[in-house]
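Have a look at the structure below, then the notes.
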Amino acid sequence: MCREKNADFRFESAELGFTFIKKTKALTNPRRHFHPWWEILYILSGERTFFYGNKTVQAKAGTVLIVAPGVLHRAINPEGETCSLYNLFFDEEPSSSLTGRGHFDDIHSVFSTLEPFIQLDDAGISRINALFEKMADEIVGKQKHYEIVARSIVNEIIVLVSRAQSESAKLEETHLAMSEHFSEILDWVNAHYKEPLSLESVAEKFNITASHLSRSFKMYTQFSFVEYVNSLRVAESCTFLRNSRKSVLEIAMKCGFGSVTQYGRWFKKLTGRTPLDYRKQ
């Protein structure tokens with residue numbers, strides 16, 4: 001089967017343990033979000049501003065973004081523009097039905113050693129573009145044993161990115177780069193979000209006005225203060241939902257929510273599901 005080079009596609013395989021997507025006209029993400037799996041996002045053409053955790057970076061063609069589980073992120077295109085990109089999403093627990101072991105056991109350990117943003121040089125861009133094109137041809141064409149080839153290309157892409165990291169050009173933070181003072185505030189909030197927090201109490205602690213703190217949160221994180229704190233709490237709760245038998249009430253209280261109702265409302269807003277639905281997946 002021939003593949004249109006400029007066509008979008010989505011390939012998802014629980015058996016192979018990953019999802020592979022190409023978007024030729026990707027739009028701005030409607031909101032900051034997080035997910036419980038690793039993601040590799042590669043910019044093929046165009047530009048995007050990435051909000052990742054507490055970092056803001058301007059990415060361009062040849063930029064690789066490594067998104068860790070549970071980290072809040074969002075991508076914004078210049079007004080009225082789109083970009084072309086590839087996405088790889090890796091299952092939390094890859095199937096071992098074809099090989100007797102997890103398909104990506106080796107490379108999952110590599111993910112945590114990678115920087116969130118890696119800018120490839122011209123040689124790296126040429127190689128990774130060719131690898132993504134080859135994988136797309138294999139997956140769309142579905143010739144005999146294409147799964148084995150696709151898996152091996154995924155491995156090669158990750159190794160290429162890992163080796164390129166030490167030689168990667170440092171991406172400059174954008175004009176939204178955080179002030180040292182706000183970075184200190186954000187680090188404190190990241191460490192204390194399970195405690196009862198209010199905009200006023202945090203502002204008082206750091207000797208600034210509540211209105212100034214509110215504006216800073218919106219400018220630097222694209223979240224209001226309340227949205228940011230509750231997003232951290234929801235992300236933390238996902239770990240308990242996946243890895244413990246604690247009740248939803250216990251998890252809500254442990255993560256800093258005032259009630260199950262509040263927890264459920266924020267969880268649905270950020271994930272699109274209820275806590276119980278998330279636990280069942």
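In the structure tokens, each chain is lettered A, B, ... as it comes, each chain's residues begin at 1, and ligands are numbered from 1 in order of appearance.
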Report task. With a distance cut-off of 6 Å and only C-alpha atoms, select the neighbouring residues of range 43-58 of chain A, excluding the residue or stretch itself and same-chain residues fewer than 6 positions from it, and output the selection as a list in words. Result ->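 Skipping anything fewer than 6 positions along the chain leaves Val71, Leu72, His73, Arg74, Ala75, Ile76, Asn77, Cys83, Ser84, Leu85, Glu173 and Thr174 of chain A.
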Requested in this report: Mind checking which residues fall within 7 Å of Val229 in chain A, counting only C-alpha atoms, ignoring those fewer than 4 positions away in the same chain, and posting them as number ranges by chain?
Outcome: A: 193, 225, 233
Report summary line: Restricting to only C-alpha atoms, whichever of A:Leu88, A:Ala14, A:Leu120, A:Val161 is closest to Lys60 in chain A is A:Leu120
**Report entry** d(CA of Arg265 in chain A, CA of Glu227 in chain A) in Å
**Finding:**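 Computing it gives 11.8 Å between the two atoms.
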**Report entry** Spatial neighbours of range 123-132 of chain A, 9 Å, only C-alpha atoms, chain gap at least 4 places, as JSON, numbers by chain
**Finding:** {"A": [44, 61, 62, 63, 86, 119, 136, 137, 153, 154, 156, 157, 160, 161, 164]}
Query - Top pick for closest residue to Asn207 in chain A, considering A:Phe267, A:Phe182, A:Phe9, A:Tyr146 and counting only C-alpha atoms - result: A:Phe182
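Residues in contact with Asn6 in chain A at 10 Å, where only C-alpha atoms are counted and same-chain residues fewer than 3 positions away are skipped, are listed as Arg3, Phe9, Lys22, Lys23, Thr24, Lys25 and Ser84 of chain A.
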